[in-house]
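Let me begin by presenting the structure, written as structure tokens, before commenting on it.
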Amino acid sequence: MKLRNIFMILASAALLTACDDVFTPAAENMKDINEMENDPIMAKGFVLTAYRNLPNYEVGTGTDVATDDAVTNEKGANWSKYATGSWTVQSWDPTGRWNNDLSSMQYLHIFLNSNISNIGFLKNANENKLMQRRLTGEAYGLLATHAYYLLRAHAGFDNEGKLLGTQLFDGFVGTDADFNQPRKTFQEHVDFILANIEKADKLLPMDYEPVTSDDKVPAKYDDILNVPEVTSVKDGKMGIYNKVMGENARQLINGLILRAIKARTLLLAASPAFQDPAQNNVTWAQAADAAAEVVDYVGGPSGLPKTGLTYYDNDDEMKNLKNGSNPPEIIWRSTRNAEEIDDEKNNFPPSLYGNGRTNPTQNLVDAFPDAKGYPITDARSEYDESNPYANRDPRLAKYIIYNGATAGVENKVIKTGSSSGDDGIGRRDASTRTGYYMKKMLRMTANCNPSSTSKVTKYSCKARFTEFFLDYAEAANEAWGPKNPGTHAYSAYDVIKAIRHRAGLTDDTYLDECAGDQAKMRELIRNERRLELCFEGFRFWDLRRWKSNLTETAKGMNISGTRYTPMEVDKRSFSEYMYYGPIPYSEVLKYDELKQNQGW
């Protein structure tokens with residue numbers, strides 16, 4: 001593991017200190033870790049760095065173009081090489097999280113191993129104690145979050161058939177430490193995540209919202225706030241709580257985000273790729289219970305956010321984001337950027353002055369059912385091969401630009417056939433390869449025309465409620481069947497019904513049919529997940545944890561007049577061992593105790 005970057009934060013923190021330090025620098029203008037207790041900005045820097053190193057949802061040309069959902073038109077793109085046969089243990093690994101997450105965890109251990117109670121973040125003693133508690137909770141939560149991404153990217157079976165997690169360290173390790181340590185078992189890794197979530201949850205509120213009276217302050221903070229010097233002052237208890245745990249802390253790790261990370265972890269662990277009762281005791285019921293904690297937060301299936309289908313392009317919601325607030329669909333997001341247009345430049349069709357990078361496949365288009373909810377392969381479907389985009393699931397038109405669809409500020413008609421203009425297959429380097437362009441994740445009010453550019457407000461999503469509704473449906477169906485709610489007030493069927501109704505599929509005939517067969521319901525749930533979360537970076541990981549087919553050829557459709565000609569666009573080349581990512585080759589070479597995953 002590379003540790004030299006850890007010490008870069010020391011220099012960075014030094015630059016953020018008081019003006020006197022700038023004009024009268026310390027010896028060599030450097031800071032030692034031991035000085036952190038006297039420098040709260042430096043101390044916070046370790047936590048902030050761990051935040052910066054977290055991934056957001058991917059937009060377009062990330063992992064999705066290495067699946068059956070999309071390809072990219074970018075010649076020589078690393079993701080294309082990766083998906084078509086060049087992923088080796090010695091090559092660039094786009095999925096790897098090893099150095100990023102382990103170094104971030106070291107930053108957090110530095111913070112947690114310091115004497116936090118001596119650090120003065122705020123002048124008021126009670127405010128400072130509350131801030132110390134919050135930052136400690138954030139650090140534990142971030143440890144769990146980075147450990148989750150490590151597990152997802154690098155867990156797997158070694159050559160002896162042992163199911164392993166990754167290296168994990170219980171505290172900060174210096175450059176002279178022994179790094180020749182074995183990987184944790186898979187169960188130990190999961191337990192590490194859950195233990196840190198539990199520690200964090202004891203310290204953090206469910207959300208960072210201001211309270212309106214003293215009695216609304218969570219009781220877990222009474223030891224700090226329910227004391228005479230606070231309660232004797234008007235609005236003292238409420239005021240201190242709101243200053244530290246109110247809206248100023250939004251988008252930092254809180255109790256709801258902790259529950260989201262727990263749900264992700266247990267869903268991954270319960271999935272087919274990691275099923276080994278001797279080495280992993282996580283059950284589908286545990287995964288369902290964890291996801292239910294998130295679903296319950298918004299009131300169950302009836303609370304599914306109504307605007308969640310197009311959360312990335314809801315203009316009123318974007319305009320009304322203030323003081324770190326979230327739209328109804330969002331659990332966790334990045335900072336709002338009011339002057340953004342890069343995603344649109346990358347992915348709009350050429351006629352909208354874009355580079356058309358992400359091209360949805362025919363495979364994905366075919367996954368959208370008809371308007372009554374039947375798969376297009378079902379004999380009862382209203383699907384018409386000669387008019388394939390009519391009478392379809394409304395999400396198709398929202399998420400994909402197909403031949404004859406409109407897009408952009410002027411609702412321009414896009415023609416994608418190879419004999420069409422610039423937007424047609426292969427007409428330009430920026431033209432589609434499949435006959436489709438991505439629409440989801442893009443804002444249609446953006447204008448990329450160089451002579452009349454119009455930028456838009458955007459943010460990157462880290463977690464949203466629909467993901468956890470789908471998590472619950474999948475886990476509950478596996479644990480208890482389609483209509484059995486387990487210990488909850490709703491079943492997998494209820495959740496999928498809510499999701500389909502929100503999408504505009506209100507005929508429940510096919511859904512009711514699936515509810516009579518667990519395997520058929522599984523197929524439906526997985527397909528709903530594919531549609532709802534497309535182009536957000538989930539498909540790559542879902543196919544692997546399900547141990548589904550990784551080599552389905554990416555297909556397209558060439559349209560000329562009334563003639564529709566299917567095409568093969570990219571052949572995928574993945575071996576079975578690639579359900580699990582490798583341990584970095586450089587690390588395995590250095591440390592003989594660090595075992596590689598099977599096949600790499």
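Ordered as shown in the structure tokens, chains take letters A, B, and onward, while each chain numbers its residues from 1 and ligands are numbered from 1 in the order shown.
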May I have the residues within 12 Å of Ala407 (chain A) as a PyMOL selection string, using only C-alpha atoms and disregarding those fewer than 3 positions away in the same chain?
chain A and resi 344+347-354+397-404+410-415+437-440+442-447
All strand (DSSP E) positions in region 55-181 of chain A, as a list in words
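Residues meeting the strand (DSSP E) criterion: Ala70, Val71, Thr72, Gly156, Phe157, Leu163 and Leu164 of chain A.
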Written selection (all heavy atoms) as an mmCIF file, in the first residue's frame:
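This went into out-v5.cif:
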data_model
loop_
_atom_site.group_PDB
_atom_site.id
_atom_site.type_symbol
_atom_site.label_atom_id
_atom_site.label_comp_id
_atom_site.auth_asym_id
_atom_site.auth_seq_id
_atom_site.Cartn_x
_atom_site.Cartn_y
_atom_site.Cartn_z
ATOM 1 N N ALA A 70 -24.423 -0.701 -22.509
ATOM 2 C CA ALA A 70 -23.913 0.427 -23.293
ATOM 3 C C ALA A 70 -22.536 0.133 -23.864
ATOM 4 O O ALA A 70 -21.822 -0.759 -23.394
ATOM 5 C CB ALA A 70 -23.853 1.691 -22.423
ATOM 6 N N VAL A 71 -22.179 0.902 -24.878
ATOM 7 C CA VAL A 71 -20.816 0.950 -25.402
ATOM 8 C C VAL A 71 -20.428 2.420 -25.491
ATOM 9 O O VAL A 71 -21.264 3.311 -25.314
ATOM 10 C CB VAL A 71 -20.696 0.295 -26.803
ATOM 11 C CG1 VAL A 71 -21.178 -1.153 -26.762
ATOM 12 C CG2 VAL A 71 -21.483 1.078 -27.857
ATOM 13 N N THR A 72 -19.169 2.682 -25.776
ATOM 14 C CA THR A 72 -18.732 4.058 -25.995
ATOM 15 C C THR A 72 -18.205 4.207 -27.412
ATOM 16 O O THR A 72 -17.660 3.265 -27.989
ATOM 17 C CB THR A 72 -17.640 4.467 -24.988
ATOM 18 O OG1 THR A 72 -17.216 5.808 -25.279
ATOM 19 C CG2 THR A 72 -16.436 3.540 -25.047
ATOM 20 N N GLY A 156 -12.977 -11.973 -2.905
ATOM 21 C CA GLY A 156 -13.033 -13.123 -3.807
ATOM 22 C C GLY A 156 -12.411 -14.352 -3.180
ATOM 23 O O GLY A 156 -11.967 -14.338 -2.021
ATOM 24 N N PHE A 157 -12.364 -15.422 -3.947
ATOM 25 C CA PHE A 157 -11.817 -16.700 -3.484
ATOM 26 C C PHE A 157 -10.356 -16.824 -3.913
ATOM 27 O O PHE A 157 -10.022 -16.574 -5.081
ATOM 28 C CB PHE A 157 -12.624 -17.856 -4.077
ATOM 29 C CG PHE A 157 -14.027 -17.943 -3.562
ATOM 30 C CD1 PHE A 157 -15.051 -17.212 -4.154
ATOM 31 C CD2 PHE A 157 -14.335 -18.753 -2.478
ATOM 32 C CE1 PHE A 157 -16.354 -17.295 -3.689
ATOM 33 C CE2 PHE A 157 -15.635 -18.839 -1.999
ATOM 34 C CZ PHE A 157 -16.653 -18.106 -2.600
ATOM 35 N N LEU A 163 -12.777 -17.729 0.908
ATOM 36 C CA LEU A 163 -13.450 -16.483 0.583
ATOM 37 C C LEU A 163 -12.856 -15.372 1.441
ATOM 38 O O LEU A 163 -12.982 -15.386 2.662
ATOM 39 C CB LEU A 163 -14.956 -16.611 0.838
ATOM 40 C CG LEU A 163 -15.812 -15.375 0.568
ATOM 41 C CD1 LEU A 163 -15.686 -14.913 -0.877
ATOM 42 C CD2 LEU A 163 -17.280 -15.667 0.903
ATOM 43 N N LEU A 164 -12.209 -14.404 0.766
ATOM 44 C CA LEU A 164 -11.448 -13.395 1.481
ATOM 45 C C LEU A 164 -11.948 -11.987 1.189
ATOM 46 O O LEU A 164 -12.490 -11.708 0.119
ATOM 47 C CB LEU A 164 -9.970 -13.486 1.089
ATOM 48 C CG LEU A 164 -9.260 -14.808 1.392
ATOM 49 C CD1 LEU A 164 -7.830 -14.769 0.838
ATOM 50 C CD2 LEU A 164 -9.244 -15.100 2.885
#
What's around Cys534 (chain A) at 10 Å? Count only C-alpha atoms, leave out sequence neighbours fewer than 4 positions away in its own chain, and write the answer as a list in words.
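Result of the neighbour search: Val59, Gly60, Asp64, Asp69, Ala70, Pro360, Leu364, Tyr399, Met438, Lys440, Met441, Glu528, Arg529, Arg530, Phe538 and Arg539 of chain A.
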Spatial neighbours of Val295 (chain A), max dist 10 Å, only C-alpha atoms, sep filter under 5 positions, as a short mmCIF file (atom, residue, chain, number, x, y, z; two decimals) with N, CA, C and O atoms, in the first residue's frame:
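And here's around.cif as it stands now:
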data_model
loop_
_atom_site.label_atom_id
_atom_site.label_comp_id
_atom_site.auth_asym_id
_atom_site.auth_seq_id
_atom_site.Cartn_x
_atom_site.Cartn_y
_atom_site.Cartn_z
N ALA A 260 -27.74 3.17 4.83
CA ALA A 260 -27.58 2.89 3.40
C ALA A 260 -26.33 2.05 3.15
O ALA A 260 -26.35 1.09 2.36
N ASP A 289 -33.73 -6.79 6.01
CA ASP A 289 -33.97 -5.98 7.21
C ASP A 289 -33.19 -4.67 7.15
O ASP A 289 -33.70 -3.61 7.55
N ALA A 290 -31.95 -4.72 6.64
CA ALA A 290 -31.13 -3.51 6.56
C ALA A 290 -31.72 -2.53 5.55
O ALA A 290 -31.82 -1.33 5.82
N GLY A 300 -42.24 3.52 3.83
CA GLY A 300 -42.58 2.30 3.10
C GLY A 300 -42.89 2.57 1.64
O GLY A 300 -42.61 3.66 1.11
N PRO A 301 -43.47 1.60 0.94
CA PRO A 301 -43.72 1.74 -0.50
C PRO A 301 -44.50 2.98 -0.89
O PRO A 301 -44.22 3.58 -1.94
N SER A 302 -45.44 3.40 -0.06
CA SER A 302 -46.21 4.60 -0.41
C SER A 302 -45.37 5.87 -0.35
O SER A 302 -45.75 6.91 -0.89
N GLY A 303 -44.21 5.78 0.29
CA GLY A 303 -43.33 6.94 0.40
C GLY A 303 -42.28 7.01 -0.69
O GLY A 303 -41.42 7.91 -0.65
N LEU A 304 -42.32 6.09 -1.65
CA LEU A 304 -41.37 6.15 -2.76
C LEU A 304 -41.45 7.54 -3.40
O LEU A 304 -42.53 7.95 -3.86
N PHE A 465 -33.00 6.94 -2.71
CA PHE A 465 -33.92 5.99 -2.09
C PHE A 465 -34.30 4.82 -2.98
O PHE A 465 -34.45 3.69 -2.50
N THR A 466 -34.48 5.04 -4.29
CA THR A 466 -34.93 3.95 -5.16
C THR A 466 -33.99 2.75 -5.09
O THR A 466 -34.44 1.60 -5.15
N GLU A 467 -32.70 3.00 -4.97
CA GLU A 467 -31.74 1.89 -4.85
C GLU A 467 -32.12 0.97 -3.71
O GLU A 467 -32.08 -0.27 -3.85
N PHE A 468 -32.53 1.51 -2.59
CA PHE A 468 -32.76 0.70 -1.40
C PHE A 468 -34.15 0.06 -1.41
O PHE A 468 -34.36 -0.99 -0.79
N PHE A 469 -35.08 0.66 -2.13
CA PHE A 469 -36.35 -0.02 -2.38
C PHE A 469 -36.08 -1.29 -3.19
O PHE A 469 -36.63 -2.36 -2.91
N LEU A 470 -35.22 -1.16 -4.19
CA LEU A 470 -34.87 -2.32 -5.02
C LEU A 470 -34.05 -3.34 -4.23
O LEU A 470 -34.22 -4.55 -4.41
N ASP A 471 -33.17 -2.86 -3.35
CA ASP A 471 -32.42 -3.77 -2.48
C ASP A 471 -33.38 -4.60 -1.64
O ASP A 471 -33.21 -5.82 -1.49
N TYR A 472 -34.36 -3.93 -1.07
CA TYR A 472 -35.32 -4.65 -0.23
C TYR A 472 -36.08 -5.68 -1.04
O TYR A 472 -36.25 -6.83 -0.61
N VAL A 495 -43.23 -3.43 -3.04
CA VAL A 495 -42.23 -2.46 -3.45
C VAL A 495 -42.14 -2.36 -4.97
O VAL A 495 -42.11 -1.26 -5.54
#
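Comparing A:Leu505, A:Glu58, A:Ser213, A:Phe179 by their smallest distance to Tyr591 (chain A), the closest is A:Phe179 (using only C-alpha atoms).
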Excluding same-chain residues fewer than 6 positions from Val47 (chain A), what lies within 8 Å of it counting only C-alpha atoms, as a compact mmCIF listing (two decimals) with N, CA, C and O atoms, in the first residue's frame?
# COMPACT_ATOMS: atom_id res chain seq x y z
N TYR A 107 -5.84 7.90 6.81
CA TYR A 107 -6.13 9.26 7.25
C TYR A 107 -7.08 9.23 8.45
O TYR A 107 -6.91 9.97 9.43
N LEU A 108 -8.09 8.40 8.35
CA LEU A 108 -9.10 8.33 9.40
C LEU A 108 -8.53 7.75 10.68
O LEU A 108 -8.86 8.21 11.78
N PHE A 111 -6.66 10.37 12.53
CA PHE A 111 -7.58 11.24 13.26
C PHE A 111 -8.09 10.55 14.52
O PHE A 111 -8.06 11.13 15.62
N LEU A 135 -17.44 14.59 14.59
CA LEU A 135 -16.31 14.25 13.73
C LEU A 135 -15.83 12.82 13.98
O LEU A 135 -15.45 12.11 13.05
N GLU A 138 -18.30 10.66 12.22
CA GLU A 138 -18.05 10.72 10.78
C GLU A 138 -16.87 9.82 10.40
O GLU A 138 -16.91 9.11 9.38
N ALA A 139 -15.81 9.88 11.20
CA ALA A 139 -14.62 9.09 10.89
C ALA A 139 -14.92 7.59 10.91
O ALA A 139 -14.50 6.84 10.01
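Nearest to Leu511 (chain A) of all the residues A:Tyr374, A:Tyr149, A:Tyr297, A:Trp600 is A:Tyr374, based on only C-alpha atoms.
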When distances are computed from only C-alpha atoms, which of A:Ile331, A:Leu543, A:Met245, A:Ile197 shows the smallest separation from Thr145 (chain A)?
A:Ile197
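With only C-alpha atoms as the atoms that count, the minimum distance from Val409 (chain A) to the choices A:Asn337, A:Asn78, A:Ser386, A:Ser452 is reached by A:Ser452.
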If we count only C-alpha atoms and set the cut-off at 7 Å, which residues sit around Asn391 (chain A), ignoring sequence neighbours fewer than 6 positions away in its own chain? Please answer as an NGL selection string.
:A and (370-371 or 382-383)
Write the residues you've just listed into a file as a compact mmCIF listing (two decimals), in the first residue's frame, and include all heavy atoms for each of them.
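Result file is out37.txt:
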# COMPACT_ATOMS: atom_id res chain seq x y z
N ASP A 370 -43.51 -3.56 -22.49
CA ASP A 370 -44.53 -2.77 -23.20
C ASP A 370 -45.29 -1.92 -22.18
O ASP A 370 -45.03 -1.98 -20.97
CB ASP A 370 -45.44 -3.67 -24.03
CG ASP A 370 -46.53 -4.34 -23.20
OD1 ASP A 370 -46.38 -4.46 -21.97
OD2 ASP A 370 -47.54 -4.76 -23.79
N ALA A 371 -46.24 -1.15 -22.66
CA ALA A 371 -46.95 -0.20 -21.80
C ALA A 371 -47.80 -0.88 -20.73
O ALA A 371 -48.19 -0.24 -19.75
CB ALA A 371 -47.82 0.72 -22.65
N GLU A 382 -47.88 -5.82 -26.42
CA GLU A 382 -48.30 -4.97 -27.53
C GLU A 382 -47.11 -4.52 -28.39
O GLU A 382 -47.25 -3.66 -29.25
CB GLU A 382 -49.04 -3.74 -26.99
CG GLU A 382 -50.35 -4.07 -26.29
CD GLU A 382 -51.07 -2.84 -25.79
OE1 GLU A 382 -50.43 -1.75 -25.77
OE2 GLU A 382 -52.24 -2.94 -25.42
N TYR A 383 -45.98 -5.10 -28.15
CA TYR A 383 -44.77 -4.73 -28.89
C TYR A 383 -44.95 -5.01 -30.38
O TYR A 383 -45.42 -6.07 -30.78
CB TYR A 383 -43.57 -5.50 -28.35
CG TYR A 383 -42.30 -5.30 -29.12
CD1 TYR A 383 -41.62 -4.08 -29.08
CD2 TYR A 383 -41.76 -6.33 -29.89
CE1 TYR A 383 -40.44 -3.89 -29.78
CE2 TYR A 383 -40.58 -6.15 -30.60
CZ TYR A 383 -39.92 -4.93 -30.54
OH TYR A 383 -38.75 -4.75 -31.24
Have a look at CA of Asp215 (chain A) and CA of Lys199 (chain A) and let me know their distance in Å, one decimal.
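It comes out at 24.3 Å.
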Using only C-alpha atoms, determine which residues lie at most 12 Å from region 123-131 of chain A, disregarding the query and same-chain residues fewer than 5 positions distant; provide the list as number ranges by chain.
A: 40, 44, 116-118, 136-138, 203-205, 220-231, 236-246, 248-249
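Compared by their closest atoms to Gly85 (chain A), and using only C-alpha atoms, the residues A:Arg97, A:Thr49, A:Ala66, A:Gln187 rank with A:Ala66 nearest.
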Residue nearest Ser454 (chain A) among A:Asn254, A:Ala338, A:Pro327, A:Arg395 (counting only C-alpha atoms)
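Among the listed residues, the smallest separation from Ser454 (chain A) belongs to A:Ala338.
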One number please: CA of Ala554 (chain A) to CA of Val365 (chain A), in Å, one decimal.
11.3 Å
Using only C-alpha atoms, tabulate the residues of region 220-313 of chain A lying at most 12 Å from any atom of region 50-56 of chain A, each with its closest atom pair and that distance in Å to one decimal, by chain and increasing residue number, as JSON lines.
{"residue": "A:Gln251", "atom": "CA", "partner": "A:Tyr51", "partner_atom": "CA", "distance": 10.2}
{"residue": "A:Leu252", "atom": "CA", "partner": "A:Tyr51", "partner_atom": "CA", "distance": 8.5}
{"residue": "A:Ile253", "atom": "CA", "partner": "A:Tyr51", "partner_atom": "CA", "distance": 9.2}
Grab the residues selected above and save them as a PDB file, in the first residue's frame with all heavy atoms.
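Done, and the output landed in out.pdb:
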ATOM      1  N   GLN A 251     -25.046  16.648   4.164  1.00  0.00           N
ATOM      2  CA  GLN A 251     -24.206  15.914   3.212  1.00  0.00           C
ATOM      3  C   GLN A 251     -22.969  15.304   3.858  1.00  0.00           C
ATOM      4  O   GLN A 251     -22.108  14.755   3.171  1.00  0.00           O
ATOM      5  CB  GLN A 251     -23.825  16.748   1.990  1.00  0.00           C
ATOM      6  CG  GLN A 251     -24.999  17.404   1.272  1.00  0.00           C
ATOM      7  CD  GLN A 251     -26.152  16.443   0.996  1.00  0.00           C
ATOM      8  OE1 GLN A 251     -25.944  15.249   0.805  1.00  0.00           O
ATOM      9  NE2 GLN A 251     -27.380  16.962   0.982  1.00  0.00           N
ATOM     10  N   LEU A 252     -22.877  15.384   5.189  1.00  0.00           N
ATOM     11  CA  LEU A 252     -21.864  14.618   5.906  1.00  0.00           C
ATOM     12  C   LEU A 252     -22.485  13.309   6.373  1.00  0.00           C
ATOM     13  O   LEU A 252     -23.715  13.161   6.403  1.00  0.00           O
ATOM     14  CB  LEU A 252     -21.339  15.427   7.096  1.00  0.00           C
ATOM     15  CG  LEU A 252     -20.708  16.792   6.752  1.00  0.00           C
ATOM     16  CD1 LEU A 252     -20.296  17.522   8.021  1.00  0.00           C
ATOM     17  CD2 LEU A 252     -19.522  16.628   5.809  1.00  0.00           C
ATOM     18  N   ILE A 253     -21.673  12.363   6.735  1.00  0.00           N
ATOM     19  CA  ILE A 253     -22.164  11.062   7.188  1.00  0.00           C
ATOM     20  C   ILE A 253     -23.140  11.247   8.345  1.00  0.00           C
ATOM     21  O   ILE A 253     -22.843  11.921   9.333  1.00  0.00           O
ATOM     22  CB  ILE A 253     -20.990  10.178   7.653  1.00  0.00           C
ATOM     23  CG1 ILE A 253     -20.065   9.821   6.483  1.00  0.00           C
ATOM     24  CG2 ILE A 253     -21.513   8.907   8.311  1.00  0.00           C
ATOM     25  CD1 ILE A 253     -20.527   8.718   5.591  1.00  0.00           C
TER      26      ILE A 253
END
